[in-house]
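Everything on this sheet refers to the single structure shown next.
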Amino acid sequence: MSTIRKILAIRAVREFLRIFLAVFAALVLGFLITLAVSKQPIEAYKAFLLGPVSRFNRFGDWIEESITLILLGLAVSLAFRAKQFSLGQDGQMLMGALVSGSIALFVPLPFLLRVPLALLAAMLVGFIWGYIPGYLKAHLDANEIVSTLMLNTIALKIYDYFLIFWIKPPGAGYNASDFFPVEGKLPTFLPALPFIADLQKRFADHTNITIMLYLMIIAIVVAFFLMFRTPFGYELRTVGANIKFARYGGIDTKKTIILVFAVSGIFAGLAGAHLAMGIHTKLIANITVGLGFEGIVVAIMARNNPLFVPIAGLAYGYLRAGADVMERASDVSREMVLVIQAIIILLVTAERILPMVQQVITARRQAAAGAAEMTEGENNVV
Amino acid sequence: MTALIEMRDIVKVYPNGVVANDRVNFSIERGEIHALVGENGAGKTTLMKILYGMEQPTSGQIFLDGKAQHFRSSHDAIAAGIGMVHQNFMLVPSFTVAENVVLGQEPTRRGFIEAKRATEITEQLAQQYGLRVEADAIVDSINVGMRQRVEILKTLYRGAQILILDEPTAVLTPQETQELFNAVHALVQQGKTVIFITHKLREVKEISDRVSVMRGGKMMGTLPTVEATREGLARMMVGRDVFLTVNKPPCKRGKRVMEVRDLSYITETGRTMLHKVSFNIYAGEILGIAGVEGNGQTELVEVLTGLRSAASGEARIGGKVVTNRTPREVRMASVAHIPEDRLTNGLALTASIDENLIVDRYFLPPYRKGLVIDYKQVESMGRELIKKFDIRTPTGKLPVNSLSGGNMQKVIVAREFSSSPELLIAAQPTRGIDVGATEFIRDQLVQKRTEGTAILLVSADLAEVMSLSDRIIVLYEGEITGVFPDASKVSEEEIGLYMLGLRRQTREEMEAYL
Ligand SMILES: Nc1ncnc2c1ncn2[C@@H]1O[C@H](COP(=O)(O)OP(=O)(O)O)[C@@H](O)[C@H]1O
Ligand SMILES: [Mg+2]
């Protein structure tokens with residue numbers, strides 16, 4: 001047993017280094033671009049690099065966003081591990097936000113009941129919003145990429161419809177709900193204990209880091225156990241490794257596929273609740289904007305392993321937060337920030353694709369392009 | 001006279017510490033067919049990869065025509081006229097045969113690829129060496145035999161004078177094997193030299209001029225094929241006496257285990273692959289199914305194991321219907337299955353050995369404890385099976401694709417045998433694996449049968465069916481055309497007549513023995 005732990009430890013270290021190096025390379029490249037486009041490249045880049053930790057509220061932004069990213073990364077990891085390419089996190093998140101937000105706003109229950117109910121409802125609706133494409137894939141052989149993207153659009157329309165026609169207070173100038181009452185908000189992650197009262201107040205005033213932080217940690221542990229310790233996890237991984245073998249061995253592959261989509265949806269639904277009840281504390285239009293597919297980046301960085309998702313989520317969240325600060329605090333235009341961000345994503349994920357590219361080149365060199373091989377590799381995601 | 005190729009004191013230590021080649025000396029004469037034999041894991045592929053420049057030797061030298069060579073990559077080896085056809089083909093499935101042949105050295109004019117020239121080149125080469133291919137067919141649509149010929153053409157197109165064929169017959173049917181042998185003879189007649197890796201001793205006798213034997217990374221010796229006996233070679237390979245013939249105690253037939261009645265199977269495209277097949281399988285017997293491949297054996301096995309649905313008819317175990325049930329239900333009815341295609345069905349290559357061993361039991365105690373799988377139990381079961389079935393691996397945590405073919409098959413056999421089934425359906429249980437593992441698996445089959453398991457054996461190797469089975473039925477075009485209640489009292493020739501559809505028994509004749 002201790003040897004396993006040792007190997008795991010070494011593996012974790014290696015994964016950490018791997019992500020770190022990719023990010024580092026991306027940062028260097030980003031700096032070169034900043035040099036080219038900014039009159040004060042040093043300041044601009046400093047804003048980018050140190051921005052997220054330079055102020056309390058920025059630190060908060062980073063952590064809040066990372067929580068979303070990590071939950072989404074878990075959702076994607078579960079699906080991709082089973083080679084089910086669900087892109088439905090955006091829709092699941094929207095539904096999670098809508099349902100939890102509605103409960104937070106309108107269900108007249110005390111805090112201790114309202115918040116858990118809202119969270120559970122968000123997870124349930126995520127489950128359902130994943131179950132649908134899973135069922136379509138398992139029983140009707142519908143391509144999951146198409147169906148999940150369509151369901152994203154449907155979710156967006158449902159969200160907008162309820163927000164505009166039912167939830168928005170009459171006469172409001174723009175499409176948003178009222179702020180949630182205190183019974184429907186997620187409380188700050190630090191308890192109001194006397195000896196940390198100061199710190200607690202600062203966090204509460206300047207950030208939206210809520211108890212979702214703890215739920216996220218639980219979610220990571222749950223996802224890990226689910227994937228590597230339970231029969232369902234075994235089924236999920238076996239379907240991902242070789243679905244024909246899974247079927248031959250007696251695994252109900254249809255049921256597994258449906259459950260994979262649905263369980264993945266739970267995590268995305270929870271991310272939706274985080275957006276509604278933690279970050280914004282109201283329902284707004286385009287509440288998930290820019291986040292829909294970010295879970296994929298995180299999952300790819302983490303090699304679909306829940307244990308590495310938090311590292312990847314924090315690192316990627318930091319880059320995003322830094323880019324935000326740079327945009328606001330320097331002369332680098334939003335477009336350029338996006339370019340830098342894109343390059344970073346490319347580099348970080350390309351690090352996963354690179355071995356495949358190498359394979360192609362060597363294969364071609366041997367005058368034997370290994371295209372057949374490429375479609376069979378363990379983790380060839382995207 | 002100096003040898004064409006001389007490999008001297010080759011040592012190869014892989015980064016994981018495996019000594020795959022241990023001071024190996026190997027020499028090849030010009031124009032010979034040289035068989036290289038050895039059990040899986042003996043180091044044959046490694047030695048050839050070194051010759052082909054794909055692996056670098058840890059130490060040792062290679063001489064070509066007496067001149068020392070240093071191949072930094074297979075590029076250099078190809079330039080020196082060495083070509084290799086790998087165990088796993090490396091073709092681009094969406095390209096045509098001709099495109100694959102010329103890939104990397106496409107004939108061009110002013111920078112454009114000349115598709116027509118490629119086709120011409122391919123056809124001309126195919127003609128010259130008697131390697132029948134369809135130049136314009138998409139590789140995805142052609143069978144394994146033709147894919148292999150494409151691979152050979154590819155190396156010839158690159159100017160190979162020395163061809164290394166790594167276990168070329170492992171994937172071929174007997175007819176395709178014969179065709180390959182003819183092509184190899186044609187190659188040698190036209191001045192090429194061929195190194196032929198195999199572990200089928202019959203093939204060694206049939207095709208080679210000389211034979212070299214490897215065992216455990218060492219070269220055990222080289223001798224002219226005429227001086228070699230199958231028994232002698234087997235002993236060199238395995239390091240002890242090997243019994244190539246099966247010894248089995250007389251059959252003690254027990255109760256009926258499975259009853260198959262009027263089973264039919266029709267493909268999605270409407271072809272009838274099984275037509276009203278009826279037979280019984282009894283405890284303690286091996287029922288062999290003989291037949292030329294493609295006469296419904298695959299379908300029969302897959303219908304009986306729940307992987308395909310029957311069109312009509314049924315199979316029962318102890319009165320319980322098992323056709324058109326899920327594979328899990330069939331397994332729970334005490335049926336085990338060694339699948340024909342072990343790489344697609346039988347294993348998850350990237351998963352660990354342990355995880356491959358538990359696919360039929362992870363949800364049962366003692367492996368499942370409450371909500372979780374008890375991986376301590378899994379591990380200890382893995383250890384036990386690895387030991388009992390002699391799977392050559394340091395630990396069950398390694399992925400299956402780190403094992404050799406014979407050991408992969410042992411993983412399947414270990415799983416299926418250890419579930420203590422009442423009925424074991426074994427499809428091609430020894431195809432493409434080495435003599436040691438073959439002997440082991442055959443022994444295990446006979447032992448299980450003697451202990452009272454019912455066994456349905458399907459094999460393309462008629463000699464195997466004949467020697468293992470107690471009773472044989474012949475499948476021809478999806479129908480049973482003959483039944484032989486005592487396998488020891490019938491000749492290969494006679495069964496052959498039934499397999500080819502030249503003779504058939506009437507229903508009445510068969511009735512009593514099915
Ligand atoms: N790339 C590799 N890395 C580490 N070990 C290897 C590698 N390839 C082969 N081996 C090991 O080297 C030994 C010889 O393998 P191989 O040359 O493939 O044998 P053969 O072709 O005779 O079956 C085996 O124990 C095998 O597991
Ligand atoms: Mg080999």
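Chain lettering (A, B, ...) mirrors the order of the structure tokens, residue numbering begins at 1 for each chain separately, and ligand numbering begins at 1 in order of display.
Residues in contact with B:Ser278 at up to 9 Å, not including ones fewer than 2 positions away on its chain and judged by only C-alpha atoms, are Glu259, Val260, Arg261, Asp262, Leu263, Lys276, Asn280, Gly313, Ala315, Ile480 and Leu514 of chain B.
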I need the chosen residues saved as a compact mmCIF listing (two decimals), in the first residue's frame, with C-alpha atoms.
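The resulting part_12.txt:
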```txt
# COMPACT_ATOMS: atom_id res chain seq x y z
CA GLU B 259 -29.52 -27.17 -25.15
CA VAL B 260 -29.59 -25.31 -28.45
CA ARG B 261 -32.79 -25.57 -30.50
CA ASP B 262 -33.35 -24.37 -34.06
CA LEU B 263 -31.13 -21.37 -33.58
CA LYS B 276 -31.84 -23.85 -37.49
CA ASN B 280 -26.59 -30.21 -26.86
CA GLY B 313 -34.79 -20.50 -31.88
CA ALA B 315 -30.52 -21.89 -26.19
CA ILE B 480 -24.69 -28.41 -39.16
CA LEU B 514 -26.28 -33.93 -31.57
```
Query raised in the report: Could you pull the residues within 12 Å of B:Asp486, counting only C-alpha atoms, minus those fewer than 5 positions along the same chain, as a PyMOL selection string?
Result: chain B and resi 250-251+285-288+466-473+491+513-514
Requested in this report: Write down, as a list in words, each residue of chain B that has any atom within 6 Å of an atom of chain A, counting only C-alpha atoms.
Outcome: Met90, Val92, Leu103, Gly104, Pro327, Arg328, Asn345, Gly346, Leu347, Ala348, Val359, Asp360, Val372 and Ile373 of chain B
Requested in this report: Would you kindly return, as a PyMOL selection string, each protein, DNA or RNA residue with an atom no farther than 12 Å from any atom of B:Ile113, considering only C-alpha atoms and excluding same-chain residues fewer than 6 positions away?
Outcome: chain B and resi 98-99+102-107+119
Query raised in the report: Of the candidates A:Phe80, A:Tyr316, A:Phe111, A:Phe189, which shows the shortest atom-to-atom distance to A:Arg303, using only C-alpha atoms?
Result: A:Phe80
Could you list, as an mmCIF file with N, CA and C atoms, in the first residue's frame, all protein and nucleic acid residues with an atom at most 10 Å from ligand 1, counting only C-alpha atoms and all ligand atoms?
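Ended up saving to out18.cif:
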```cif
data_model
loop_
_atom_site.group_PDB
_atom_site.id
_atom_site.type_symbol
_atom_site.label_atom_id
_atom_site.label_comp_id
_atom_site.auth_asym_id
_atom_site.auth_seq_id
_atom_site.Cartn_x
_atom_site.Cartn_y
_atom_site.Cartn_z
ATOM 1 N N LYS B 12 20.331 -5.473 -25.357
ATOM 2 C CA LYS B 12 19.349 -4.397 -25.286
ATOM 3 C C LYS B 12 18.686 -4.417 -23.910
ATOM 4 N N VAL B 13 18.893 -3.329 -23.194
ATOM 5 C CA VAL B 13 18.210 -3.174 -21.909
ATOM 6 C C VAL B 13 17.226 -2.024 -22.080
ATOM 7 N N TYR B 14 15.940 -2.323 -21.913
ATOM 8 C CA TYR B 14 14.939 -1.264 -22.026
ATOM 9 C C TYR B 14 14.999 -0.359 -20.797
ATOM 10 N N PRO B 15 14.514 0.863 -20.943
ATOM 11 C CA PRO B 15 14.569 1.795 -19.795
ATOM 12 C C PRO B 15 13.917 1.215 -18.535
ATOM 13 N N ASN B 16 12.943 0.309 -18.701
ATOM 14 C CA ASN B 16 12.307 -0.266 -17.515
ATOM 15 C C ASN B 16 13.126 -1.404 -16.911
ATOM 16 N N GLY B 17 14.324 -1.617 -17.457
ATOM 17 C CA GLY B 17 15.207 -2.612 -16.862
ATOM 18 C C GLY B 17 15.104 -4.004 -17.460
ATOM 19 N N VAL B 18 14.155 -4.193 -18.387
ATOM 20 C CA VAL B 18 14.024 -5.512 -19.014
ATOM 21 C C VAL B 18 15.216 -5.742 -19.948
ATOM 22 N N VAL B 19 15.897 -6.869 -19.753
ATOM 23 C CA VAL B 19 16.974 -7.225 -20.674
ATOM 24 C C VAL B 19 16.346 -8.040 -21.799
ATOM 25 N N ALA B 20 16.046 -7.385 -22.898
ATOM 26 C CA ALA B 20 15.306 -8.049 -23.974
ATOM 27 C C ALA B 20 16.232 -8.863 -24.865
ATOM 28 N N ASN B 21 17.467 -8.397 -25.017
ATOM 29 C CA ASN B 21 18.470 -9.137 -25.777
ATOM 30 C C ASN B 21 19.732 -9.211 -24.941
ATOM 31 N N LEU B 36 12.962 -17.108 -37.467
ATOM 32 C CA LEU B 36 13.390 -16.739 -36.116
ATOM 33 C C LEU B 36 12.240 -17.112 -35.190
ATOM 34 N N VAL B 37 12.506 -18.057 -34.310
ATOM 35 C CA VAL B 37 11.417 -18.527 -33.455
ATOM 36 C C VAL B 37 11.752 -18.310 -31.990
ATOM 37 N N GLY B 38 10.727 -18.386 -31.178
ATOM 38 C CA GLY B 38 10.892 -18.175 -29.749
ATOM 39 C C GLY B 38 9.550 -17.850 -29.155
ATOM 40 N N GLU B 39 9.425 -18.105 -27.857
ATOM 41 C CA GLU B 39 8.160 -17.800 -27.200
ATOM 42 C C GLU B 39 7.933 -16.295 -27.194
ATOM 43 N N ASN B 40 6.705 -15.906 -26.892
ATOM 44 C CA ASN B 40 6.451 -14.477 -26.736
ATOM 45 C C ASN B 40 7.329 -13.920 -25.631
ATOM 46 N N GLY B 41 7.907 -12.774 -25.916
ATOM 47 C CA GLY B 41 8.772 -12.165 -24.914
ATOM 48 C C GLY B 41 10.210 -12.645 -24.990
ATOM 49 N N ALA B 42 10.516 -13.493 -25.957
ATOM 50 C CA ALA B 42 11.884 -14.009 -26.065
ATOM 51 C C ALA B 42 12.851 -12.935 -26.551
ATOM 52 N N GLY B 43 12.329 -11.900 -27.181
ATOM 53 C CA GLY B 43 13.193 -10.811 -27.647
ATOM 54 C C GLY B 43 13.357 -10.749 -29.152
ATOM 55 N N LYS B 44 12.531 -11.476 -29.885
ATOM 56 C CA LYS B 44 12.647 -11.506 -31.350
ATOM 57 C C LYS B 44 12.364 -10.136 -31.953
ATOM 58 N N THR B 45 11.241 -9.570 -31.554
ATOM 59 C CA THR B 45 10.869 -8.275 -32.120
ATOM 60 C C THR B 45 11.922 -7.228 -31.789
ATOM 61 N N THR B 46 12.409 -7.269 -30.553
ATOM 62 C CA THR B 46 13.434 -6.308 -30.152
ATOM 63 C C THR B 46 14.668 -6.431 -31.041
ATOM 64 N N LEU B 47 15.113 -7.659 -31.251
ATOM 65 C CA LEU B 47 16.308 -7.872 -32.076
ATOM 66 C C LEU B 47 16.086 -7.319 -33.484
ATOM 67 N N MET B 48 14.904 -7.544 -34.003
ATOM 68 C CA MET B 48 14.626 -7.078 -35.361
ATOM 69 C C MET B 48 14.472 -5.558 -35.408
ATOM 70 N N LYS B 49 13.912 -4.998 -34.357
ATOM 71 C CA LYS B 49 13.808 -3.536 -34.323
ATOM 72 C C LYS B 49 15.187 -2.900 -34.279
ATOM 73 N N ILE B 50 16.113 -3.583 -33.646
ATOM 74 C CA ILE B 50 17.487 -3.063 -33.621
ATOM 75 C C ILE B 50 18.085 -3.123 -35.021
ATOM 76 N N GLU B 55 15.166 0.629 -32.699
ATOM 77 C CA GLU B 55 15.670 0.655 -31.325
ATOM 78 C C GLU B 55 17.190 0.685 -31.421
ATOM 79 N N GLN B 87 4.238 -6.401 -36.516
ATOM 80 C CA GLN B 87 3.132 -7.218 -36.045
ATOM 81 C C GLN B 87 1.811 -6.476 -36.178
ATOM 82 N N ASP B 166 7.448 -9.795 -39.139
ATOM 83 C CA ASP B 166 7.279 -10.122 -37.723
ATOM 84 C C ASP B 166 5.931 -10.811 -37.504
ATOM 85 N N GLU B 167 5.991 -12.086 -37.243
ATOM 86 C CA GLU B 167 4.793 -12.913 -37.025
ATOM 87 C C GLU B 167 3.707 -12.639 -38.050
ATOM 88 N N ILE B 197 9.607 -14.262 -38.715
ATOM 89 C CA ILE B 197 9.396 -14.571 -37.300
ATOM 90 C C ILE B 197 8.090 -15.331 -37.139
ATOM 91 N N THR B 198 8.115 -16.361 -36.357
ATOM 92 C CA THR B 198 6.895 -17.132 -36.141
ATOM 93 C C THR B 198 7.073 -17.908 -34.851
ATOM 94 N N HIS B 199 5.971 -18.467 -34.337
ATOM 95 C CA HIS B 199 6.212 -19.490 -33.339
ATOM 96 C C HIS B 199 5.445 -20.757 -33.672
ATOM 97 N N MET B 214 15.330 -18.318 -30.128
ATOM 98 C CA MET B 214 15.639 -17.439 -28.991
ATOM 99 C C MET B 214 14.825 -17.865 -27.779
ATOM 100 N N ARG B 215 15.418 -17.674 -26.631
ATOM 101 C CA ARG B 215 14.679 -17.925 -25.392
ATOM 102 C C ARG B 215 15.181 -16.967 -24.325
ATOM 103 N N GLY B 216 14.270 -16.271 -23.674
ATOM 104 C CA GLY B 216 14.626 -15.382 -22.571
ATOM 105 C C GLY B 216 15.703 -14.375 -22.936
ATOM 106 N N GLY B 217 15.642 -13.833 -24.152
ATOM 107 C CA GLY B 217 16.588 -12.802 -24.558
ATOM 108 C C GLY B 217 17.908 -13.337 -25.107
ATOM 109 N N ARG B 392 3.288 -13.576 -17.252
ATOM 110 C CA ARG B 392 4.630 -13.020 -17.004
ATOM 111 C C ARG B 392 4.574 -11.511 -16.871
ATOM 112 N N THR B 393 4.460 -11.061 -15.638
ATOM 113 C CA THR B 393 4.436 -9.629 -15.367
ATOM 114 C C THR B 393 4.870 -9.412 -13.928
ATOM 115 N N ASN B 401 -1.496 -3.852 -22.228
ATOM 116 C CA ASN B 401 -0.706 -3.714 -23.450
ATOM 117 C C ASN B 401 0.799 -3.761 -23.205
ATOM 118 N N SER B 402 1.208 -3.944 -21.955
ATOM 119 C CA SER B 402 2.631 -4.164 -21.719
ATOM 120 C C SER B 402 2.970 -5.650 -21.827
ATOM 121 N N LEU B 403 1.967 -6.486 -22.032
ATOM 122 C CA LEU B 403 2.206 -7.934 -22.096
ATOM 123 C C LEU B 403 2.373 -8.403 -23.537
ATOM 124 N N SER B 404 2.990 -9.564 -23.689
ATOM 125 C CA SER B 404 3.072 -10.173 -25.017
ATOM 126 C C SER B 404 1.736 -10.858 -25.324
ATOM 127 N N GLY B 405 1.550 -11.219 -26.578
ATOM 128 C CA GLY B 405 0.280 -11.810 -27.017
ATOM 129 C C GLY B 405 -0.131 -13.028 -26.211
ATOM 130 N N GLY B 406 0.812 -13.919 -25.971
ATOM 131 C CA GLY B 406 0.491 -15.129 -25.224
ATOM 132 C C GLY B 406 0.048 -14.809 -23.807
ATOM 133 N N ASN B 407 0.702 -13.836 -23.212
ATOM 134 C CA ASN B 407 0.340 -13.470 -21.846
ATOM 135 C C ASN B 407 -0.977 -12.724 -21.785
ATOM 136 N N ILE B 433 -0.578 -17.525 -30.639
ATOM 137 C CA ILE B 433 0.249 -17.455 -29.438
ATOM 138 C C ILE B 433 1.286 -18.570 -29.451
ATOM 139 N N ASP B 434 2.313 -18.417 -28.618
ATOM 140 C CA ASP B 434 3.477 -19.292 -28.738
ATOM 141 C C ASP B 434 3.225 -20.696 -28.203
#
```
Query raised in the report: So which one's closest to ligand 2, B:Glu355, B:Asp140, B:Gly432, B:Ser309? Using only C-alpha atoms and all ligand atoms, please.
Result: B:Gly432
**Report entry** Nearby residues (only C-alpha atoms) at most 6 Å from A:Leu270, same-chain spacing under 2 positions excluded, as a ChimeraX atom specification
**Finding:** /A:122-123,267-268,272-273
Requested in this report: Can you check which residues of stretch 37-226 of chain A DSSP gives as helix (DSSP H, G or I) on the backbone and send them as a PyMOL selection string?
Outcome: chain A and resi 37+41-54+56-81+89-106+111-140+144-167+182-184+194-206+212-226
Query - All residues 7 Å or closer to A:Phe85, only C-alpha atoms, same chain fewer than 4 positions away omitted, as a ChimeraX atom specification - result: /A:79-80,144-145
Report task. Name all residues at most 8 Å from A:Phe224 (count only C-alpha atoms; drop same-chain ones fewer than 5 positions away) and give them as a ChimeraX atom specification. Result -> /A:229,305-307
Report task. From a DSSP pass on the backbone, collect the residues of stretch 113-304 of chain A flagged as strand (DSSP E or B) and hand them back as number ranges by chain. Result -> A: 176, 188, 210, 284
Save out the residues we just selected, N, CA, C and O atoms, as a compact mmCIF listing (two decimals), in the first residue's frame.
```
# COMPACT_ATOMS: atom_id res chain seq x y z
N ALA A 176 -32.59 41.38 -15.24
CA ALA A 176 -31.97 40.77 -14.07
C ALA A 176 -33.02 40.67 -12.98
O ALA A 176 -33.99 41.45 -12.95
N THR A 188 -20.52 33.43 3.51
CA THR A 188 -19.06 33.48 3.39
C THR A 188 -18.44 32.23 3.97
O THR A 188 -18.98 31.64 4.89
N THR A 210 -17.61 31.74 -0.95
CA THR A 210 -18.64 31.25 -0.03
C THR A 210 -18.34 29.83 0.41
O THR A 210 -17.29 29.27 0.08
N ILE A 284 -28.91 36.99 -13.74
CA ILE A 284 -28.69 38.01 -14.77
C ILE A 284 -28.67 37.33 -16.12
O ILE A 284 -28.52 36.11 -16.21
```
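Counting only C-alpha atoms and all ligand atoms, the residue from B:Ile164, B:Val24, B:Ala118, B:Leu385 that sits nearest to ligand 2 is B:Ile164.
The neighbours of B:Ser208 here are the residues that come within 9 Å of it, using only C-alpha atoms and leaving out any residue fewer than 3 positions away in the same chain; they are Glu32, Ile33, His34, Ala35, Ile195, Phe196, Glu203, Val204, Lys205, Val211, Pro224 and Thr225 of chain B.
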Report task. For atom CA of B:Lys369 and atom CA of A:Gly130, quote the distance in Å rounded to one decimal. Result -> 28.3 Å
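With distances restricted to only C-alpha atoms and all ligand atoms, B:Asn88 is the closest residue to ligand 2 from B:Gln161, B:Thr350, B:Asn88, B:Ser420.
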Report summary line: Students should find that atom CA of B:Ile412 and atom CA of B:Met258 are spaced 22.4 Å
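Here atom CA of B:Lys67 is placed at a distance of 12.3 Å from atom CA of B:Arg8.
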